[in-house]
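Raw contents of start_34.csv, CSV, C-alpha atoms:
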chain,number,residue,atom,x,y,z
A,21,MET,CA,-47.2,-115.1,-149.7
A,22,LEU,CA,-45.7,-118.6,-149.4
A,23,GLU,CA,-46.9,-121.5,-151.6
A,24,ASP,CA,-48.9,-122.9,-148.6
A,25,GLY,CA,-50.8,-119.7,-148.3
A,26,PHE,CA,-49.1,-118.2,-145.2
A,27,PRO,CA,-47.7,-114.7,-145.4
A,28,SER,CA,-43.9,-114.2,-145.3
A,29,SER,CA,-44.4,-111.7,-142.5
A,30,LEU,CA,-47.3,-111.2,-140.1
A,31,THR,CA,-48.4,-108.3,-137.8
A,32,VAL,CA,-51.1,-108.8,-135.3
A,33,PRO,CA,-52.5,-105.5,-134.0
A,34,LEU,CA,-53.5,-105.9,-130.4
A,35,SER,CA,-55.5,-103.4,-128.3
A,36,LEU,CA,-55.6,-103.5,-124.5
A,37,LYS,CA,-59.2,-104.3,-123.4
A,38,CYS,CA,-58.6,-104.6,-119.7
A,39,SER,CA,-56.3,-105.6,-117.0
A,40,LEU,CA,-57.1,-108.8,-115.1
A,41,ARG,CA,-56.9,-109.5,-111.4
A,42,TYR,CA,-54.1,-112.0,-112.0
A,43,GLY,CA,-53.0,-114.6,-114.6
A,44,GLU,CA,-53.2,-118.4,-114.6
A,45,ASN,CA,-52.0,-118.2,-111.0
A,46,PRO,CA,-52.4,-115.5,-108.4
A,47,HIS,CA,-48.7,-114.6,-108.5
A,48,GLN,CA,-48.9,-113.8,-112.3
A,49,LYS,CA,-49.9,-110.4,-113.6
A,50,ALA,CA,-52.3,-110.5,-116.6
A,51,ALA,CA,-54.2,-108.4,-119.1
A,52,PHE,CA,-56.6,-109.1,-122.0
A,53,TYR,CA,-56.0,-107.8,-125.5
A,54,VAL,CA,-58.4,-107.7,-128.5
A,55,ASP,CA,-57.2,-108.6,-132.0
A,56,LYS,CA,-57.9,-105.7,-134.3
A,57,SER,CA,-57.0,-107.5,-137.5
A,58,LEU,CA,-59.7,-107.0,-140.2
A,59,SER,CA,-60.3,-110.8,-140.3
A,60,GLU,CA,-61.1,-110.8,-136.5
A,61,VAL,CA,-63.0,-107.5,-136.0
A,62,ASN,CA,-66.3,-109.1,-137.2
A,63,GLY,CA,-65.2,-112.7,-136.8
A,64,GLY,CA,-67.2,-113.4,-133.6
A,65,GLY,CA,-66.0,-115.1,-130.5
A,66,ILE,CA,-65.4,-114.4,-126.9
A,67,ALA,CA,-63.1,-111.4,-127.4
A,68,THR,CA,-65.8,-109.3,-129.0
A,69,GLY,CA,-68.6,-110.4,-126.7
A,70,VAL,CA,-70.5,-108.4,-124.1
A,71,GLN,CA,-70.7,-109.1,-120.4
A,72,HIS,CA,-74.1,-108.2,-119.0
A,73,HIS,CA,-73.6,-109.0,-115.3
A,74,GLY,CA,-71.2,-110.4,-112.7
A,75,LYS,CA,-67.7,-110.2,-111.5
A,76,GLU,CA,-65.0,-109.3,-114.0
A,77,LYS,CA,-63.7,-112.4,-115.9
A,78,SER,CA,-60.3,-113.8,-114.9
A,79,TYR,CA,-57.6,-115.2,-117.1
A,80,ASN,CA,-58.8,-118.7,-116.7
A,81,ASN,CA,-62.5,-117.6,-117.1
A,82,TYR,CA,-61.6,-116.3,-120.6
A,83,LEU,CA,-60.0,-119.6,-121.5
A,84,ASP,CA,-62.9,-121.7,-120.2
A,85,ALA,CA,-65.5,-119.5,-121.8
A,86,ASP,CA,-63.7,-119.6,-125.1
A,87,ALA,CA,-63.5,-123.4,-125.0
A,88,ALA,CA,-67.3,-123.7,-124.2
A,89,TRP,CA,-68.3,-121.2,-126.9
A,90,ASN,CA,-66.1,-122.8,-129.6
A,91,CYS,CA,-67.6,-126.2,-128.9
A,92,VAL,CA,-71.3,-125.1,-128.7
A,93,CYS,CA,-70.9,-123.2,-132.0
A,94,GLU,CA,-70.3,-126.4,-133.8
A,95,PHE,CA,-73.9,-127.6,-133.5
A,96,ASN,CA,-76.9,-126.5,-135.5
A,97,LYS,CA,-79.6,-128.0,-133.3
A,98,PRO,CA,-80.3,-126.5,-129.8
A,99,THR,CA,-77.3,-127.5,-127.8
A,100,CYS,CA,-75.8,-127.1,-124.3
A,101,VAL,CA,-72.1,-127.5,-123.5
A,102,ILE,CA,-70.6,-127.5,-120.1
A,103,VAL,CA,-66.9,-127.0,-119.7
A,104,LYS,CA,-64.5,-127.6,-116.8
A,105,HIS,CA,-60.8,-126.5,-117.1
A,106,THR,CA,-61.2,-126.0,-120.9
A,107,ASN,CA,-62.5,-129.6,-121.5
A,108,PRO,CA,-66.2,-130.4,-122.3
A,109,CYS,CA,-67.6,-132.6,-119.5
A,110,GLY,CA,-71.1,-132.7,-120.9
A,111,VAL,CA,-72.7,-132.0,-124.3
A,112,ALA,CA,-76.3,-132.6,-125.4
A,113,SER,CA,-78.4,-131.6,-128.4
A,114,ARG,CA,-82.2,-131.7,-128.2
A,115,ASP,CA,-85.1,-129.8,-129.8
A,116,ASP,CA,-86.0,-128.8,-126.2
A,117,ILE,CA,-83.0,-126.8,-124.9
A,118,ILE,CA,-84.0,-127.4,-121.2
A,119,GLU,CA,-83.8,-131.1,-121.8
A,120,ALA,CA,-80.4,-130.6,-123.4
A,121,HIS,CA,-79.2,-128.7,-120.3
A,122,ILE,CA,-80.4,-131.5,-118.0
A,123,LEU,CA,-78.6,-134.2,-120.0
A,124,SER,CA,-75.4,-132.2,-120.3
A,125,VAL,CA,-75.3,-131.9,-116.5
A,126,LYS,CA,-76.1,-135.6,-116.0
A,127,ALA,CA,-73.1,-136.5,-118.3
A,128,ASP,CA,-70.8,-135.6,-115.4
A,129,PRO,CA,-72.5,-133.7,-112.6
A,130,VAL,CA,-69.4,-133.5,-110.4
A,131,SER,CA,-67.3,-131.7,-113.1
A,132,ALA,CA,-70.3,-129.6,-114.2
A,133,PHE,CA,-70.6,-128.0,-110.8
A,134,GLY,CA,-68.6,-124.7,-110.9
A,135,GLY,CA,-68.1,-125.0,-114.7
A,136,ILE,CA,-69.0,-122.8,-117.6
A,137,VAL,CA,-72.3,-123.5,-119.4
A,138,ALA,CA,-72.9,-122.4,-123.0
A,139,PHE,CA,-75.9,-122.4,-125.2
A,140,ASN,CA,-76.2,-121.8,-129.0
A,141,ILE,CA,-79.7,-120.3,-128.8
A,142,GLU,CA,-81.3,-117.5,-126.8
A,143,VAL,CA,-81.7,-117.8,-123.1
A,144,ASP,CA,-85.3,-117.0,-122.5
A,145,GLU,CA,-87.4,-116.9,-119.3
A,146,ASP,CA,-87.9,-120.6,-119.1
A,147,LEU,CA,-84.3,-121.5,-119.7
A,148,ALA,CA,-83.1,-118.9,-117.2
A,149,LYS,CA,-85.3,-120.4,-114.5
A,150,GLU,CA,-84.0,-123.8,-115.3
A,151,ILE,CA,-80.4,-122.6,-114.9
A,152,ARG,CA,-81.1,-120.8,-111.7
A,153,GLU,CA,-83.2,-123.5,-110.0
A,154,PHE,CA,-81.7,-126.8,-111.3
A,155,ARG,CA,-80.5,-129.2,-108.6
A,156,SER,CA,-77.4,-131.3,-109.0
A,157,PRO,CA,-78.2,-135.0,-109.9
A,158,THR,CA,-75.6,-136.0,-107.3
A,159,ASP,CA,-77.9,-135.4,-104.4
A,160,GLY,CA,-81.1,-133.8,-105.9
A,161,GLU,CA,-80.8,-130.9,-103.4
A,162,THR,CA,-77.7,-128.7,-104.1
A,163,ARG,CA,-78.4,-125.9,-106.5
A,164,MET,CA,-76.1,-126.1,-109.6
A,165,PHE,CA,-73.5,-123.4,-109.6
A,166,TYR,CA,-71.8,-122.0,-112.7
A,167,GLU,CA,-69.1,-119.5,-113.1
A,168,ILE,CA,-70.2,-118.2,-116.5
A,169,VAL,CA,-73.3,-118.5,-118.8
A,170,VAL,CA,-72.5,-117.9,-122.5
A,171,ALA,CA,-75.2,-117.5,-125.2
A,172,PRO,CA,-75.8,-115.6,-128.5
A,173,LYS,CA,-78.6,-113.5,-126.9
A,174,TYR,CA,-80.9,-113.2,-123.9
A,175,SER,CA,-84.5,-112.1,-123.6
A,176,LYS,CA,-85.2,-109.2,-121.2
A,177,LYS,CA,-86.9,-111.5,-118.7
A,178,GLY,CA,-84.3,-114.2,-119.1
A,179,LEU,CA,-81.5,-111.7,-118.3
A,180,GLU,CA,-83.5,-110.4,-115.3
A,181,ILE,CA,-83.9,-113.9,-113.8
A,182,LEU,CA,-80.3,-114.9,-114.3
A,183,ARG,CA,-79.1,-111.8,-112.6
A,184,GLY,CA,-81.4,-112.5,-109.6
A,185,ASN,CA,-79.7,-111.7,-106.3
A,186,SER,CA,-76.3,-112.9,-107.6
A,187,LYS,CA,-73.4,-110.5,-107.8
A,188,THR,CA,-71.0,-113.1,-109.1
A,189,LEU,CA,-72.6,-115.0,-112.0
A,190,ARG,CA,-71.0,-113.8,-115.2
A,191,ILE,CA,-73.5,-113.5,-117.9
A,192,PHE,CA,-71.9,-113.2,-121.3
A,193,GLU,CA,-73.2,-112.7,-124.8
A,194,ALA,CA,-71.1,-113.6,-127.9
A,195,SER,CA,-71.6,-114.0,-131.6
A,196,LYS,CA,-70.8,-117.2,-133.5
A,197,ASN,CA,-67.2,-117.7,-134.6
A,198,LYS,CA,-66.6,-117.4,-138.3
A,199,LYS,CA,-64.8,-120.3,-140.0
A,200,GLY,CA,-61.5,-120.1,-141.9
A,201,LYS,CA,-59.6,-118.2,-139.2
A,202,LEU,CA,-55.9,-118.4,-138.8
A,203,SER,CA,-55.0,-120.0,-135.5
A,204,LEU,CA,-52.0,-118.6,-133.7
A,205,ARG,CA,-50.2,-120.0,-130.6
A,206,GLN,CA,-47.1,-118.6,-128.9
A,207,VAL,CA,-44.0,-120.5,-128.1
A,208,GLY,CA,-40.8,-119.1,-126.6
A,209,GLY,CA,-39.4,-116.7,-129.2
A,210,GLY,CA,-42.0,-117.3,-131.9
A,211,TRP,CA,-45.5,-118.2,-133.0
A,212,LEU,CA,-47.1,-121.3,-134.5
A,213,ALA,CA,-49.7,-120.7,-137.2
A,214,GLN,CA,-52.2,-123.1,-138.7
A,215,ASP,CA,-55.6,-123.2,-140.3
A,216,SER,CA,-58.5,-123.6,-137.9
A,217,ASP,CA,-60.0,-127.1,-137.6
A,218,ASP,CA,-63.3,-126.5,-139.2
A,219,LEU,CA,-64.2,-130.0,-140.5
A,220,THR,CA,-67.6,-131.4,-139.7
A,221,PRO,CA,-68.8,-135.0,-139.9
A,222,GLU,CA,-70.5,-134.1,-143.2
A,223,ASP,CA,-67.0,-133.3,-144.6
A,224,ILE,CA,-65.5,-136.7,-144.1
A,225,GLU,CA,-66.3,-140.4,-144.6
A,226,PHE,CA,-66.9,-143.0,-141.9
A,227,ASN,CA,-65.5,-146.1,-143.5
A,228,LEU,CA,-66.6,-149.4,-142.2
A,229,VAL,CA,-63.6,-151.8,-141.6
A,230,SER,CA,-65.3,-154.4,-139.3
A,231,GLU,CA,-67.7,-157.2,-140.0
A,232,LYS,CA,-70.6,-155.6,-138.2
A,233,THR,CA,-72.4,-152.7,-139.8
A,234,PRO,CA,-73.6,-149.9,-137.4
A,235,GLN,CA,-77.3,-149.1,-137.1
A,236,GLU,CA,-78.4,-145.7,-138.3
A,237,ASN,CA,-78.7,-144.3,-134.8
A,238,GLU,CA,-75.3,-145.7,-133.9
A,239,LEU,CA,-73.8,-143.9,-136.8
A,240,SER,CA,-75.5,-140.7,-135.8
A,241,ASP,CA,-74.0,-141.1,-132.3
A,242,ALA,CA,-70.5,-141.6,-133.7
A,243,MET,CA,-70.8,-138.5,-135.9
A,244,PHE,CA,-72.0,-136.5,-132.9
A,245,ALA,CA,-69.1,-137.8,-130.7
A,246,TRP,CA,-66.6,-137.1,-133.6
A,247,LEU,CA,-67.7,-133.4,-133.6
A,248,CYS,CA,-67.1,-133.2,-129.8
A,249,VAL,CA,-63.8,-135.0,-129.7
A,250,LYS,CA,-61.8,-132.2,-131.4
A,251,HIS,CA,-62.6,-130.0,-128.4
A,252,VAL,CA,-61.3,-132.5,-125.8
A,253,LYS,CA,-57.6,-132.3,-125.1
A,254,SER,CA,-54.9,-134.9,-125.4
A,255,ASN,CA,-55.6,-138.5,-126.3
A,256,ALA,CA,-59.3,-138.0,-126.1
A,257,ILE,CA,-62.1,-140.5,-125.6
A,258,VAL,CA,-65.7,-139.3,-126.2
A,259,ILE,CA,-68.7,-141.5,-125.4
A,260,ALA,CA,-72.1,-140.6,-126.8
A,261,LYS,CA,-75.5,-142.2,-126.6
A,262,GLU,CA,-78.9,-141.4,-128.1
A,263,THR,CA,-81.7,-141.9,-125.6
A,264,LYS,CA,-85.4,-142.0,-125.2
A,265,SER,CA,-86.3,-141.5,-128.9
A,266,ARG,CA,-84.9,-141.1,-132.4
A,267,GLU,CA,-84.7,-137.3,-131.9
A,268,GLN,CA,-81.5,-135.4,-131.6
A,269,LEU,CA,-80.6,-136.3,-128.0
A,270,TRP,CA,-77.3,-137.4,-126.7
A,271,LEU,CA,-75.3,-137.7,-123.6
A,272,VAL,CA,-71.6,-137.1,-124.0
A,273,MET,CA,-68.7,-137.8,-121.7
A,274,HIS,CA,-65.0,-138.2,-121.9
A,275,SER,CA,-62.9,-140.3,-119.6
A,276,SER,CA,-60.2,-142.9,-119.5
A,277,HIS,CA,-62.4,-145.0,-117.2
A,278,LEU,CA,-64.4,-146.7,-119.9
A,279,VAL,CA,-65.9,-149.4,-117.7
A,280,PHE,CA,-67.4,-146.9,-115.2
A,281,ILE,CA,-69.0,-144.9,-118.0
A,282,ALA,CA,-70.1,-147.5,-120.5
A,283,GLY,CA,-71.3,-149.9,-117.9
A,284,SER,CA,-74.6,-148.0,-117.6
A,285,CYS,CA,-74.9,-147.0,-121.2
A,286,LEU,CA,-75.7,-150.1,-123.3
A,287,LYS,CA,-74.7,-149.9,-127.0
A,288,VAL,CA,-73.2,-146.4,-127.0
A,289,ALA,CA,-70.8,-144.9,-129.6
A,290,ILE,CA,-67.3,-144.0,-128.8
A,291,VAL,CA,-64.7,-141.9,-130.7
A,292,LEU,CA,-61.0,-142.5,-130.1
A,293,ARG,CA,-58.5,-139.9,-131.2
A,294,THR,CA,-55.9,-142.6,-131.7
A,295,ALA,CA,-56.2,-146.4,-131.6
A,296,TRP,CA,-54.9,-148.3,-128.6
A,297,LYS,CA,-55.7,-152.0,-128.4
A,298,ASP,CA,-56.3,-152.0,-124.7
A,299,ALA,CA,-58.7,-149.1,-125.0
A,300,VAL,CA,-60.5,-150.8,-127.9
A,301,GLU,CA,-60.8,-154.0,-126.0
A,302,GLU,CA,-62.0,-152.3,-122.8
A,303,ALA,CA,-64.6,-150.4,-124.8
A,304,CYS,CA,-65.9,-153.6,-126.4
A,305,GLU,CA,-66.1,-155.4,-123.1
A,306,SER,CA,-68.0,-152.4,-121.6
A,307,GLY,CA,-70.9,-152.5,-124.0
A,308,ILE,CA,-69.8,-150.0,-126.7
A,309,GLY,CA,-71.7,-150.6,-130.0
A,310,VAL,CA,-69.6,-148.7,-132.5
A,311,ILE,CA,-66.1,-147.2,-132.4
A,312,ALA,CA,-64.9,-144.4,-134.7
A,313,GLU,CA,-61.2,-143.6,-134.9
A,314,PRO,CA,-58.7,-142.1,-137.5
A,315,GLY,CA,-57.0,-145.4,-138.5
A,316,GLY,CA,-53.5,-145.4,-140.0
A,317,SER,CA,-51.9,-147.1,-137.0
A,318,ILE,CA,-49.6,-150.1,-137.3
A,319,ARG,CA,-52.0,-151.8,-134.9
A,320,ASP,CA,-55.1,-151.2,-136.9
A,321,GLY,CA,-55.3,-155.0,-137.5
A,322,ASP,CA,-55.5,-155.6,-133.8
A,323,ALA,CA,-58.3,-153.1,-133.4
A,324,ILE,CA,-60.3,-154.7,-136.3
A,325,ASP,CA,-59.8,-158.2,-134.9
A,326,CYS,CA,-60.9,-157.1,-131.5
A,327,CYS,CA,-64.1,-155.5,-132.8
A,328,ASN,CA,-64.9,-158.5,-134.9
A,329,LYS,CA,-64.4,-160.7,-131.8
A,330,TYR,CA,-67.0,-158.7,-129.8
A,331,GLY,CA,-69.4,-157.9,-132.6
A,332,VAL,CA,-68.7,-154.2,-132.5
A,333,SER,CA,-68.7,-151.9,-135.5
A,334,LEU,CA,-65.4,-150.1,-136.3
A,335,LEU,CA,-65.2,-147.0,-138.5
A,336,PHE,CA,-62.1,-145.3,-139.8
A,337,THR,CA,-62.4,-141.6,-140.5
A,338,ASN,CA,-58.9,-141.0,-141.9
A,339,VAL,CA,-59.0,-137.7,-140.0
A,340,ARG,CA,-57.3,-137.0,-136.7
A,341,HIS,CA,-58.7,-134.4,-134.3
A,342,PHE,CA,-55.7,-134.0,-132.0
A,343,ARG,CA,-55.8,-131.1,-129.6
A,344,HIS,CA,-52.6,-130.5,-127.7

Translate this file's structure into structure tokens.
Amino acid sequence: MLEDGFPSSLTVPLSLKCSLRYGENPHQKAAFYVDKSLSEVNGGGIATGVQHHGKEKSYNNYLDADAAWNCVCEFNKPTCVIVKHTNPCGVASRDDIIEAHILSVKADPVSAFGGIVAFNIEVDEDLAKEIREFRSPTDGETRMFYEIVVAPKYSKKGLEILRGNSKTLRIFEASKNKKGKLSLRQVGGGWLAQDSDDLTPEDIEFNLVSEKTPQENELSDAMFAWLCVKHVKSNAIVIAKETKSREQLWLVMHSSHLVFIAGSCLKVAIVLRTAWKDAVEEACESGIGVIAEPGGSIRDGDAIDCCNKYGVSLLFTNVRHFRH
């Protein structure tokens, strides 16, 4: 065992679970293996889940379902996450899971169509009806289509309704991922290993560096967005807003088109993975109320000056959530 806690040698016992129709692209052959390591056998996750209905999952289906499940497992309150191409396009938490589903779709209804939807609570009869009958907000007529539904459990009636007459909808049940896992990623000729990114907003400090202090609901929005941003790839931007009441209810989107998104969401919270002066200024001009970002850039001063100029709260977390 090395000083940093990593073993000097590592063996990963893999067992073939199934062959797949094809890989990332149709010309690539593929298969799915289950990790039989002691730390993984009871560690939860997509690999150890059960498919109740639908076509067999493809290579890309596994990746998308894993992304959606990893994200939704972050939240304690009833939450819905919709993923497209491994990126969350809508996340909402609400005491009423049906409302959370509606809001997560509204975050980006175009991307949500044909995506993967995940819930962190049981899919019962009412929620199943909502999933099957919900119409896209884009036209109010087209029935929403999902590739996969993922949840920790299903009621008997809920499962029956979801199955309906569909032969294609993949209905998947998984257990929550345990924390503290070793994360492995293959590169040519070797593997990269790292600790899993298990930090939550409660584990860090949101340090005020601007003149304006955020309101309580704005800080809550920033914490929610910060929890989402680690599941969005590249130089991520996550925008969150609490609506209607002081209950747990947010709309979450990520996009580089800040004006388009923030223009209709007055005083929202935004989390930037890294600080770019142009992004900060565009956010301020678009009605953002509070910005949270890691800090530590040589241009931190520019970001602080910009937020002070527009009367926007700026928080440094001293923690980066980069996902490559």

Next item on the list: Enter the distance from atom CA of Val252 of chain A to atom CA of Pro221 of chain A, in Å, rounded to one decimal.
Entry: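 Rounded to one decimal, the two atoms are 16.2 Å apart.
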
Notebook entry, point to check: Near Glu60 of chain A, within 10 Å and counting all atoms listed in the file, which residues show up once chain neighbours fewer than 5 positions away are dropped, as number ranges by chain?
Noted result: A: 54-55, 65, 67-68, 197-198, 201-202

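Compared by their closest atoms to Leu83 of chain A, and using all atoms listed in the file, the residues A:Ile141, A:Cys38, A:Ala132, A:Ile168 rank with A:Ile168 nearest.
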
Next item on the list: Using atom CA of Gly69 of chain A and atom CA of Phe95 of chain A as the two end points, give the distance in Å to one decimal.
Entry: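 Atom CA of Gly69 of chain A sits 19.2 Å away from atom CA of Phe95 of chain A.
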
Report as JSON lines the residues of segment 131-158 of chain A within 7 Å of segment 108-124 of chain A, each with its shortest atom pair and distance in Å (one decimal), using all atoms listed in the file, ordered by chain and increasing residue number.
{"residue": "A:Ser131", "atom": "CA", "partner": "A:Cys109", "partner_atom": "CA", "distance": 6.5}
{"residue": "A:Ala132", "atom": "CA", "partner": "A:Cys109", "partner_atom": "CA", "distance": 6.7}
{"residue": "A:Leu147", "atom": "CA", "partner": "A:Ile118", "partner_atom": "CA", "distance": 6.1}
{"residue": "A:Glu150", "atom": "CA", "partner": "A:Ile118", "partner_atom": "CA", "distance": 6.9}

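The coordinates place atom CA of Glu262 of chain A at 10.1 Å from atom CA of Ala242 of chain A.
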
Notebook entry, point to check: Which residue gives the smallest distance to Ile181 of chain A among A:Asn81, A:His73, A:Val101, A:Asp218, with only C-alpha atoms counted?
Noted result: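 Closest residue, counting only C-alpha atoms: A:His73.
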
Next item on the list: Would you please work out which residue, of A:Cys327, A:Ile102, A:Ile224, A:Val125, is nearest to Glu167 of chain A when using all atoms listed in the file?
Entry: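 The closest residue to Glu167 of chain A is A:Ile102.
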